[in-house]
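The next block is final_18.txt, given as compact mmCIF, C-alpha atoms.
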```
# COMPACT_ATOMS: atom_id res chain seq x y z
CA MET A 1023 25.55 49.70 -2.65
CA VAL A 1024 28.75 51.12 -1.13
CA MET A 1025 30.72 50.12 -4.23
CA THR A 1026 28.14 51.77 -6.51
CA GLU A 1027 28.19 54.98 -4.44
CA THR A 1028 32.00 55.05 -4.56
CA MET A 1029 32.09 54.48 -8.32
CA PHE A 1030 29.48 57.19 -8.93
CA LEU A 1031 31.39 59.63 -6.72
CA VAL A 1032 34.68 58.87 -8.49
CA GLY A 1033 32.97 59.39 -11.87
CA PHE A 1034 31.42 62.65 -10.71
CA VAL A 1035 34.75 63.96 -9.38
CA ALA A 1036 36.50 62.95 -12.61
CA PHE A 1037 33.83 64.81 -14.62
CA ILE A 1038 34.22 67.96 -12.48
CA ALA A 1039 38.02 67.73 -12.68
CA ALA A 1040 37.83 67.51 -16.48
CA ILE A 1041 35.60 70.61 -16.62
CA LEU A 1042 37.95 72.55 -14.34
CA LEU A 1043 41.08 71.56 -16.29
CA LEU A 1044 39.41 72.49 -19.59
CA ASP A 1045 38.33 75.82 -18.11
CA MET A 1046 41.72 76.63 -16.52
CA PHE A 1047 44.14 75.50 -19.22
CA VAL A 1048 42.18 75.87 -22.47
CA ILE A 1049 39.24 78.30 -22.26
CA ASP A 1050 40.81 80.80 -19.85
CA ARG A 1051 44.47 80.12 -20.50
CA LYS A 1052 45.17 83.75 -21.37
CA ALA A 1053 44.76 86.15 -18.45
CA HIS A 1054 42.36 89.02 -19.13
CA VAL A 1055 39.87 91.31 -17.45
CA VAL A 1056 36.48 89.56 -17.49
CA SER A 1057 33.68 91.69 -18.92
CA ILE A 1058 30.12 91.78 -17.56
CA ARG A 1059 28.89 90.06 -20.73
CA GLU A 1060 31.40 87.20 -20.36
CA ALA A 1061 30.61 86.83 -16.65
CA THR A 1062 26.87 86.74 -17.39
CA VAL A 1063 27.24 84.10 -20.11
CA TRP A 1064 29.36 81.83 -17.90
CA THR A 1065 27.02 82.34 -14.94
CA PHE A 1066 24.16 80.96 -17.04
CA VAL A 1067 26.35 78.12 -18.34
CA TRP A 1068 27.13 76.96 -14.78
CA ILE A 1069 23.51 77.37 -13.69
CA GLY A 1070 22.47 75.33 -16.75
CA LEU A 1071 24.83 72.50 -15.79
CA ALA A 1072 23.48 72.53 -12.24
CA LEU A 1073 19.89 72.32 -13.51
CA LEU A 1074 20.78 69.47 -15.88
CA PHE A 1075 22.11 67.53 -12.92
CA ALA A 1076 18.84 68.23 -11.08
CA VAL A 1077 16.98 66.69 -14.04
CA PHE A 1078 19.23 63.64 -13.78
CA LEU A 1079 18.41 63.27 -10.06
CA TRP A 1080 14.68 63.67 -10.77
CA PHE A 1081 14.64 60.72 -13.17
CA HIS A 1082 17.66 58.62 -12.11
CA GLY A 1083 18.68 59.74 -8.61
CA ASP A 1084 18.59 56.14 -7.37
CA MET A 1085 21.72 55.44 -9.46
CA VAL A 1086 23.78 57.45 -6.97
CA HIS A 1087 23.16 54.83 -4.27
CA GLY A 1088 22.73 51.79 -6.52
CA ILE A 1089 19.16 51.14 -5.35
CA GLU A 1090 17.81 47.95 -7.00
CA ASN A 1091 14.93 46.87 -4.75
CA PHE A 1092 12.72 48.06 -1.92
CA ASN A 1093 15.13 46.82 0.77
CA ASP A 1094 17.92 48.94 -0.74
CA LEU A 1095 15.60 51.93 -0.87
CA GLN A 1096 14.51 51.44 2.73
CA THR A 1097 18.14 51.21 3.88
CA VAL A 1098 19.09 54.47 2.16
CA ALA A 1099 15.94 56.30 3.26
CA SER A 1100 16.36 55.21 6.89
CA LYS A 1101 19.82 56.84 6.92
CA TYR A 1102 19.07 60.05 5.04
CA ALA A 1103 15.30 60.61 4.94
CA SER A 1104 13.63 58.63 7.71
CA HIS A 1105 10.56 60.91 7.62
CA LEU A 1106 9.55 59.70 4.15
CA LYS A 1107 6.56 57.33 4.13
CA LEU A 1108 7.50 54.62 1.65
CA HIS A 1109 5.08 52.01 0.28
CA PRO A 1110 6.42 48.41 0.38
CA ASP A 1111 3.75 47.29 -2.08
CA ASP A 1112 4.69 49.93 -4.67
CA PHE A 1113 8.45 50.06 -5.19
CA GLU A 1114 8.30 52.32 -8.27
CA MET A 1115 6.21 54.97 -6.52
CA SER A 1116 8.46 54.87 -3.44
CA LEU A 1117 11.55 55.11 -5.63
CA GLN A 1118 10.10 58.10 -7.45
CA GLN A 1119 9.30 59.69 -4.09
CA TYR A 1120 12.93 59.38 -2.99
CA ARG A 1121 14.24 60.68 -6.33
CA HIS A 1122 12.04 63.74 -6.04
CA TYR A 1123 13.16 64.26 -2.43
CA MET A 1124 16.82 64.12 -3.56
CA THR A 1125 16.13 66.65 -6.32
CA VAL A 1126 14.31 69.17 -4.10
CA SER A 1127 17.04 68.83 -1.45
CA TYR A 1128 19.73 69.30 -4.09
CA ILE A 1129 18.11 72.48 -5.47
CA SER A 1130 17.57 73.84 -1.94
CA GLY A 1131 21.20 73.14 -1.05
CA TYR A 1132 22.38 74.74 -4.29
CA LEU A 1133 20.38 77.91 -3.62
CA ILE A 1134 21.57 78.11 -0.01
CA GLU A 1135 25.21 77.74 -1.04
CA LYS A 1136 24.83 80.31 -3.82
CA THR A 1137 23.16 82.80 -1.49
CA LEU A 1138 25.64 82.37 1.34
CA SER A 1139 28.49 82.63 -1.17
CA VAL A 1140 27.57 86.26 -1.81
CA ASP A 1141 29.10 87.28 1.51
CA ASN A 1142 32.23 85.26 0.77
CA LEU A 1143 32.57 86.92 -2.63
CA PHE A 1144 32.61 90.33 -0.96
CA VAL A 1145 35.42 89.05 1.26
CA MET A 1146 37.32 87.94 -1.87
CA MET A 1147 36.94 91.42 -3.36
CA MET A 1148 38.36 92.88 -0.15
CA ILE A 1149 41.31 90.43 -0.25
CA PHE A 1150 42.15 91.33 -3.86
CA THR A 1151 42.02 95.03 -3.06
CA SER A 1152 44.07 94.67 0.13
CA PHE A 1153 46.81 92.68 -1.60
CA GLY A 1154 46.80 94.96 -4.66
CA VAL A 1155 46.18 92.13 -7.11
CA GLY A 1156 45.78 93.29 -10.71
CA LYS A 1157 42.41 92.61 -12.35
CA ASN A 1158 44.15 90.55 -15.05
CA GLU A 1159 45.14 88.03 -12.38
CA TYR A 1160 41.73 87.67 -10.71
CA GLN A 1161 40.83 84.68 -12.89
CA HIS A 1162 44.10 82.91 -12.17
CA VAL A 1163 43.74 83.26 -8.42
CA LEU A 1164 40.03 82.35 -8.39
CA ASN A 1165 40.64 79.20 -10.45
CA TRP A 1166 43.04 77.81 -7.88
CA GLY A 1167 40.87 79.10 -5.04
CA ILE A 1168 37.87 77.19 -6.40
CA LEU A 1169 39.94 74.03 -6.86
CA GLY A 1170 41.08 74.24 -3.24
CA ALA A 1171 37.51 74.92 -2.08
CA ILE A 1172 36.29 71.74 -3.79
CA VAL A 1173 38.92 69.64 -2.00
CA LEU A 1174 38.04 71.23 1.35
CA ARG A 1175 34.29 70.67 0.83
CA PHE A 1176 34.87 67.02 -0.04
CA VAL A 1177 36.72 66.46 3.24
CA PHE A 1178 34.32 68.55 5.35
CA ILE A 1179 31.09 67.12 3.93
CA PHE A 1180 31.92 63.43 4.19
CA LEU A 1181 33.63 63.89 7.56
CA GLY A 1182 30.60 65.86 8.76
CA SER A 1183 28.23 63.17 7.51
CA ALA A 1184 30.19 60.47 9.34
CA ILE A 1185 30.06 62.51 12.56
CA ILE A 1186 26.31 63.21 12.24
CA SER A 1187 25.56 59.53 11.61
CA ARG A 1188 27.20 58.66 14.93
CA PHE A 1189 26.28 61.72 16.98
CA ASP A 1190 22.98 63.20 15.80
CA TRP A 1191 23.13 65.88 18.53
CA VAL A 1192 25.73 67.58 16.34
CA LEU A 1193 22.78 68.93 14.30
CA LEU A 1194 21.74 70.95 17.36
CA VAL A 1195 25.25 72.43 17.55
CA PHE A 1196 25.02 73.31 13.85
CA GLY A 1197 21.66 74.95 14.50
CA VAL A 1198 23.02 77.14 17.31
CA VAL A 1199 26.03 78.14 15.17
CA LEU A 1200 23.79 79.15 12.25
CA VAL A 1201 21.38 81.18 14.39
CA TYR A 1202 24.34 82.93 16.01
CA SER A 1203 25.92 83.62 12.60
CA GLY A 1204 22.64 85.02 11.23
CA VAL A 1205 22.11 87.34 14.21
CA LYS A 1206 25.76 88.45 14.18
CA MET A 1207 25.64 89.16 10.45
CA TYR A 1208 22.46 91.21 10.92
CA LEU A 1209 24.00 93.29 13.72
CA ASN A 1210 27.16 93.90 11.68
CA ARG A 1211 25.43 94.31 8.30
CA ASN A 1212 26.28 98.02 8.01
CA ASN A 1213 29.88 97.71 9.18
CA LYS A 1214 32.44 98.33 6.48
CA ALA A 1215 34.71 95.31 6.11
CA GLU A 1216 38.41 96.12 6.18
CA MET A 1217 41.52 94.02 6.11
CA ASN A 1218 45.04 94.74 7.32
CA VAL A 1219 47.22 92.42 5.24
CA GLU A 1220 50.23 92.59 7.56
CA LYS A 1221 48.12 91.59 10.59
CA HIS A 1222 46.36 88.67 8.92
CA PRO A 1223 47.29 85.53 10.95
CA LEU A 1224 48.26 83.51 7.86
CA VAL A 1225 50.43 86.32 6.46
CA ARG A 1226 52.14 86.77 9.83
CA LEU A 1227 52.82 83.04 10.01
CA LEU A 1228 54.30 82.94 6.50
CA SER A 1229 56.32 86.10 7.14
CA LYS A 1230 58.17 84.35 9.96
CA THR A 1231 59.61 81.88 7.43
CA GLY A 1232 61.29 84.72 5.54
CA ARG A 1233 60.19 83.24 2.23
CA ILE A 1234 57.70 85.85 1.01
CA HIS A 1235 58.77 87.81 -2.06
CA THR A 1236 57.82 91.47 -1.78
CA GLN A 1237 56.75 92.05 -5.40
CA PHE A 1238 54.30 90.52 -7.87
CA GLU A 1239 55.93 88.56 -10.71
CA GLY A 1240 53.11 88.41 -13.26
CA ASP A 1241 51.06 85.25 -12.76
CA LYS A 1242 53.85 83.37 -10.99
CA PHE A 1243 53.25 81.82 -7.58
CA PHE A 1244 56.93 81.14 -6.86
CA VAL A 1245 60.24 82.78 -7.74
CA ARG A 1246 63.81 81.77 -7.05
CA ARG A 1247 66.16 84.41 -5.66
CA ALA A 1248 69.73 83.67 -4.51
CA GLY A 1249 68.99 79.97 -4.64
CA ARG A 1250 65.93 80.28 -2.38
CA LEU A 1251 62.35 79.49 -3.45
CA LEU A 1252 60.10 82.37 -2.43
CA LEU A 1253 56.31 82.78 -2.35
CA THR A 1254 54.97 85.66 -4.42
CA PRO A 1255 52.17 87.89 -3.09
CA LEU A 1256 49.88 86.23 -5.66
CA PHE A 1257 50.35 82.81 -4.03
CA VAL A 1258 49.85 84.31 -0.58
CA THR A 1259 46.57 85.77 -1.90
CA VAL A 1260 45.42 82.28 -2.94
CA LEU A 1261 46.25 80.94 0.53
CA VAL A 1262 44.34 83.76 2.24
CA ILE A 1263 41.31 83.10 0.00
CA GLU A 1264 41.48 79.40 0.90
CA PHE A 1265 41.69 80.39 4.57
CA SER A 1266 38.60 82.60 4.22
CA ASP A 1267 36.72 79.78 2.47
CA LEU A 1268 37.65 77.47 5.34
CA ILE A 1269 36.00 79.90 7.76
CA PHE A 1270 33.03 80.31 5.41
CA ALA A 1271 32.53 76.54 5.24
CA PHE A 1272 31.67 76.46 8.95
CA ASP A 1273 28.41 78.24 8.04
CA SER A 1274 27.64 76.91 4.58
CA ILE A 1275 28.13 73.17 5.12
CA PRO A 1276 25.97 72.94 8.29
CA ALA A 1277 23.35 75.01 6.43
CA ILE A 1278 23.12 72.50 3.59
CA PHE A 1279 22.91 69.57 6.01
CA SER A 1280 19.67 71.19 7.15
CA VAL A 1281 17.99 70.26 3.84
CA SER A 1282 19.51 66.80 3.44
CA LEU A 1283 21.60 64.36 5.47
CA ASP A 1284 22.63 62.59 2.27
CA PRO A 1285 26.35 63.51 1.89
CA TYR A 1286 26.19 62.88 -1.86
CA VAL A 1287 23.34 65.34 -2.38
CA VAL A 1288 25.12 67.86 -0.13
CA PHE A 1289 28.38 67.40 -2.04
CA PHE A 1290 26.76 67.67 -5.49
CA SER A 1291 24.87 70.85 -4.59
CA ASN A 1292 27.99 72.38 -3.01
CA ILE A 1293 30.23 71.63 -5.97
CA PHE A 1294 27.87 72.96 -8.64
CA ALA A 1295 27.38 76.13 -6.60
CA ILE A 1296 31.15 76.57 -6.19
CA LEU A 1297 31.86 75.97 -9.88
CA GLY A 1298 29.92 79.10 -10.79
CA LEU A 1299 31.55 81.30 -8.14
CA ARG A 1300 34.23 82.73 -10.40
CA ALA A 1301 31.75 84.00 -13.00
CA MET A 1302 29.45 85.14 -10.19
CA PHE A 1303 32.35 87.07 -8.65
CA PHE A 1304 32.87 89.22 -11.75
CA LEU A 1305 29.15 89.71 -12.20
CA LEU A 1306 28.67 90.67 -8.55
CA ALA A 1307 31.61 93.08 -8.70
CA ALA A 1308 29.78 95.01 -11.39
CA ILE A 1309 26.27 95.01 -9.87
CA SER A 1310 26.87 94.63 -6.13
CA ASP A 1311 25.46 98.08 -5.35
CA LYS A 1312 22.10 97.07 -6.86
CA PHE A 1313 21.35 94.41 -4.20
CA ARG A 1314 21.46 96.28 -0.93
CA TYR A 1315 18.99 93.96 0.85
CA LEU A 1316 20.51 90.65 -0.24
CA LYS A 1317 22.69 90.47 2.87
CA LEU A 1318 19.56 90.90 5.00
CA GLY A 1319 18.07 87.94 3.13
CA VAL A 1320 21.17 85.89 3.96
CA CYS A 1321 20.67 86.71 7.66
CA VAL A 1322 17.04 85.53 7.51
CA LEU A 1323 18.05 82.29 5.77
CA LEU A 1324 20.77 81.51 8.33
CA VAL A 1325 18.37 81.99 11.23
CA PHE A 1326 15.62 79.96 9.49
CA ILE A 1327 17.99 77.08 8.73
CA GLY A 1328 19.39 77.15 12.27
CA VAL A 1329 15.92 77.07 13.83
CA LYS A 1330 14.91 74.25 11.48
CA MET A 1331 17.84 72.19 12.76
CA LEU A 1332 17.02 72.96 16.40
CA ILE A 1333 13.39 71.84 16.10
CA HIS A 1334 13.81 68.95 13.64
CA GLU A 1335 13.11 66.36 16.37
CA TYR A 1336 9.72 67.93 17.11
CA VAL A 1337 8.67 69.64 13.86
CA GLU A 1338 9.70 68.34 10.43
CA ILE A 1339 9.64 71.14 7.87
CA ASP A 1340 8.93 69.61 4.47
CA ALA A 1341 11.69 69.84 1.84
CA VAL A 1342 9.33 71.54 -0.63
CA ALA A 1343 8.22 74.04 2.04
CA SER A 1344 11.89 74.82 2.77
CA LEU A 1345 12.58 75.36 -0.94
CA VAL A 1346 9.57 77.68 -1.26
CA PHE A 1347 10.76 79.68 1.77
CA ILE A 1348 14.30 79.97 0.37
CA LEU A 1349 12.99 81.12 -3.02
CA GLY A 1350 10.64 83.57 -1.27
CA VAL A 1351 13.44 85.14 0.79
CA LEU A 1352 15.65 85.46 -2.30
CA GLY A 1353 12.83 86.93 -4.37
CA ILE A 1354 11.84 89.46 -1.70
CA SER A 1355 15.48 90.47 -1.06
CA ILE A 1356 16.25 91.01 -4.74
CA GLY A 1357 12.87 92.63 -5.46
CA ALA A 1358 13.17 95.02 -2.51
CA SER A 1359 16.70 95.93 -3.61
CA LEU A 1360 15.64 96.71 -7.16
CA PHE A 1361 12.54 98.65 -6.01
CA ALA A 1362 14.59 100.69 -3.51
CA LYS A 1363 17.14 101.44 -6.22
CA LYS A 1364 14.46 102.75 -8.58
CA SER A 1365 12.72 104.84 -5.92
```
Let me see the file written as structure tokens.
Amino acid sequence: MVMTETMFLVGFVAFIAAILLLDMFVIDRKAHVVSIREATVWTFVWIGLALLFAVFLWFHGDMVHGIENFNDLQTVASKYASHLKLHPDDFEMSLQQYRHYMTVSYISGYLIEKTLSVDNLFVMMMIFTSFGVGKNEYQHVLNWGILGAIVLRFVFIFLGSAIISRFDWVLLVFGVVLVYSGVKMYLNRNNKAEMNVEKHPLVRLLSKTGRIHTQFEGDKFFVRRAGRLLLTPLFVTVLVIEFSDLIFAFDSIPAIFSVSLDPYVVFFSNIFAILGLRAMFFLLAAISDKFRYLKLGVCVLLVFIGVKMLIHEYVEIDAVASLVFILGVLGISIGASLFAKKS
């Protein structure tokens, strides 16, 4: 089964890499300001791809782990979904049960990542503004930022899964972190986020090397002056965005482990959510003022997910119930925002 899982993961990564390369070097090769219409179209394209993968998991999710018989299924379920009640005398029904569990967990993880990403997108907007990046270059920076985020998530998710499998008490730590993050976000929800570029720890560290160029040079990340290779402000912007995503991952990855301990499901949901971030960024930039209560919804989700992790030994909240709660919080947050805007 390990070989099958590895091959499936390699194939999935190759597929995602092909999509990213096509997007970066063919579709969006020419830098331009992304319109609301273009951002909306691409947002639906990425959501469509994510839903197609959910359909695949619903009917063929067992292919991810190479499950061929009931013993294989029991081995996988005991690691990632020990609460499921499988039926030894009905392999097909048990297999279907696990497929459906994978699918619901995947969709829940996807929605959690998308929702939590909203706060990170606001941070990206602040970074662009603080560094004075031109709107024509937003795409270029976000493309590389997303590529870096995928690499970081791969490392974090599979490392986190390995740690959880050996030390299950780590889930309690994750729960405390998420509850703390949710409460902190709620208390600071009305604070205006600001950023002093010169005081950012990464910028200060790079400044000590004396290799930061003071001016933008179009879409170039590096320039050579007097025989020295210098970093342009555009490249520094990419690094700061990666740094912010690293911080963001400490909330988002534990949150998704609350809906599934299967690192493959967690990784798939994370990646499909991240792939649509660039389009979502441009869409959010245009309509951000229309969703004033969405951040409050994020706070509620963080606390709910954290509490779920803290009580999982005593109370098992069903995957479908979790999905319904997540959808309910999102629906109420968006609906309240739109209603408040109209009134």
Give me, as CSV, the closest atom pair and its distance (Å, one decimal) for every residue of stretch 1128-1197 of chain A within a cut-off of 10 Å of stretch 1346-1353 of chain A, counting only C-alpha atoms, rows sorted by chain and rising number.
```
residue,atom,partner,partner_atom,distance
A:Ser1130,CA,A:Ile1348,CA,7.3
A:Gly1131,CA,A:Ile1348,CA,9.8
A:Leu1133,CA,A:Ile1348,CA,7.6
A:Ile1134,CA,A:Ile1348,CA,7.5
A:Thr1137,CA,A:Leu1352,CA,8.0
```
Item to complete: Might you pull out every residue within 12 Å of stretch 1256-1261 of chain A, with all atoms listed in the file counted and same-chain residues fewer than 3 positions away left off, and present them as a ChimeraX atom specification?
Response: /A:1146-1171,1219-1220,1222-1229,1233-1245,1252-1253,1264-1268
Closest pair table for stretch 1172-1248 of chain A residues within 6 Å of stretch 1311-1333 of chain A, all atoms listed in the file, as a tab-separated table:
```
residue	atom	partner	partner_atom	distance
A:Leu1194	CA	A:Leu1332	CA	5.2
A:Gly1197	CA	A:Gly1328	CA	3.9
A:Leu1200	CA	A:Gly1328	CA	4.8
A:Val1201	CA	A:Val1325	CA	4.4
A:Gly1204	CA	A:Cys1321	CA	4.4
A:Tyr1208	CA	A:Cys1321	CA	5.8
```
List as a list in words the protein and nucleic acid residues near A:Glu1027, meaning an atom at most 7 Å away when all atoms listed in the file are counted, but skip any in the same chain fewer than 4 places from it.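 My list of contacting residues is Met1023, Leu1031, Val1086, His1087 and Gly1088 of chain A.
In terms of minimum interatomic distance to A:Pro1276, A:Ser1183 ranks closest within A:Ser1291, A:Thr1062, A:Asn1213, A:Ser1183, counting all atoms listed in the file.
As for atom CA of A:Val1035 and atom CA of A:Ser1127, they are spaced 20.0 Å apart.
Atom CA of A:Thr1065 is positioned 18.0 Å from atom CA of A:Ile1172.
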Just to confirm, what's the straight-line distance from atom CA of A:Ile1038 to atom CA of A:His1122 in Å (one decimal)?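 So the two atoms, atom CA of A:Ile1038 and atom CA of A:His1122, lie 23.5 Å apart.
Proximity ranking of A:Tyr1336, A:Phe1279, A:Tyr1102, A:Phe1034 relative to A:Phe1196 places A:Phe1279 first, based on only C-alpha atoms.
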*Fewer than 5 positions away in the same chain doesn't count, so skip those; otherwise give me all residues within 8 Å of A:Ala1295, counting only C-alpha atoms, as a list in words.*
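My reading of the contact set: Ala1072, Tyr1132, Leu1133, Glu1135 and Lys1136 of chain A.
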For the point (32.6, 60.9, -5.1) in the file's frame, write as a short mmCIF file (atom, residue, chain, number, x, y, z; two decimals) with C-alpha atoms, keeping the file's coordinate frame all residues with an atom no more than 10 Å away, counting all atoms listed in the file.
```cif
data_model
loop_
_atom_site.label_atom_id
_atom_site.label_comp_id
_atom_site.auth_asym_id
_atom_site.auth_seq_id
_atom_site.Cartn_x
_atom_site.Cartn_y
_atom_site.Cartn_z
CA GLU A 1027 28.19 54.98 -4.44
CA THR A 1028 32.00 55.05 -4.56
CA MET A 1029 32.09 54.48 -8.32
CA PHE A 1030 29.48 57.19 -8.93
CA LEU A 1031 31.39 59.63 -6.72
CA VAL A 1032 34.68 58.87 -8.49
CA GLY A 1033 32.97 59.39 -11.87
CA PHE A 1034 31.42 62.65 -10.71
CA VAL A 1035 34.75 63.96 -9.38
CA ALA A 1036 36.50 62.95 -12.61
CA VAL A 1086 23.78 57.45 -6.97
CA PHE A 1176 34.87 67.02 -0.04
CA PHE A 1180 31.92 63.43 4.19
CA PRO A 1285 26.35 63.51 1.89
CA TYR A 1286 26.19 62.88 -1.86
CA PHE A 1289 28.38 67.40 -2.04
CA PHE A 1290 26.76 67.67 -5.49
#
```
Nearby residues, (19.8, 61.5, -6.7) file frame, 10 Å, only C-alpha atoms, as a list in words:
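So the residues meeting the distance criterion are Phe1075, Ala1076, Val1077, Phe1078, Leu1079, Trp1080, Phe1081, His1082, Gly1083, Asp1084, Met1085, Val1086, His1087, Tyr1120, Arg1121, His1122, Tyr1123, Met1124, Thr1125, Val1126, Ser1127, Tyr1128, Asp1284, Tyr1286, Val1287 and Phe1290 of chain A.
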Exercise for the section: Give the answer as one residue: which of A:Phe1303, A:Asn1212, A:Val1067, A:Glu1114 has the shortest atom-to-atom distance to A:Glu1090, using only C-alpha atoms? Expected result: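 Using only C-alpha atoms, the shortest distance to A:Glu1090 belongs to A:Glu1114.
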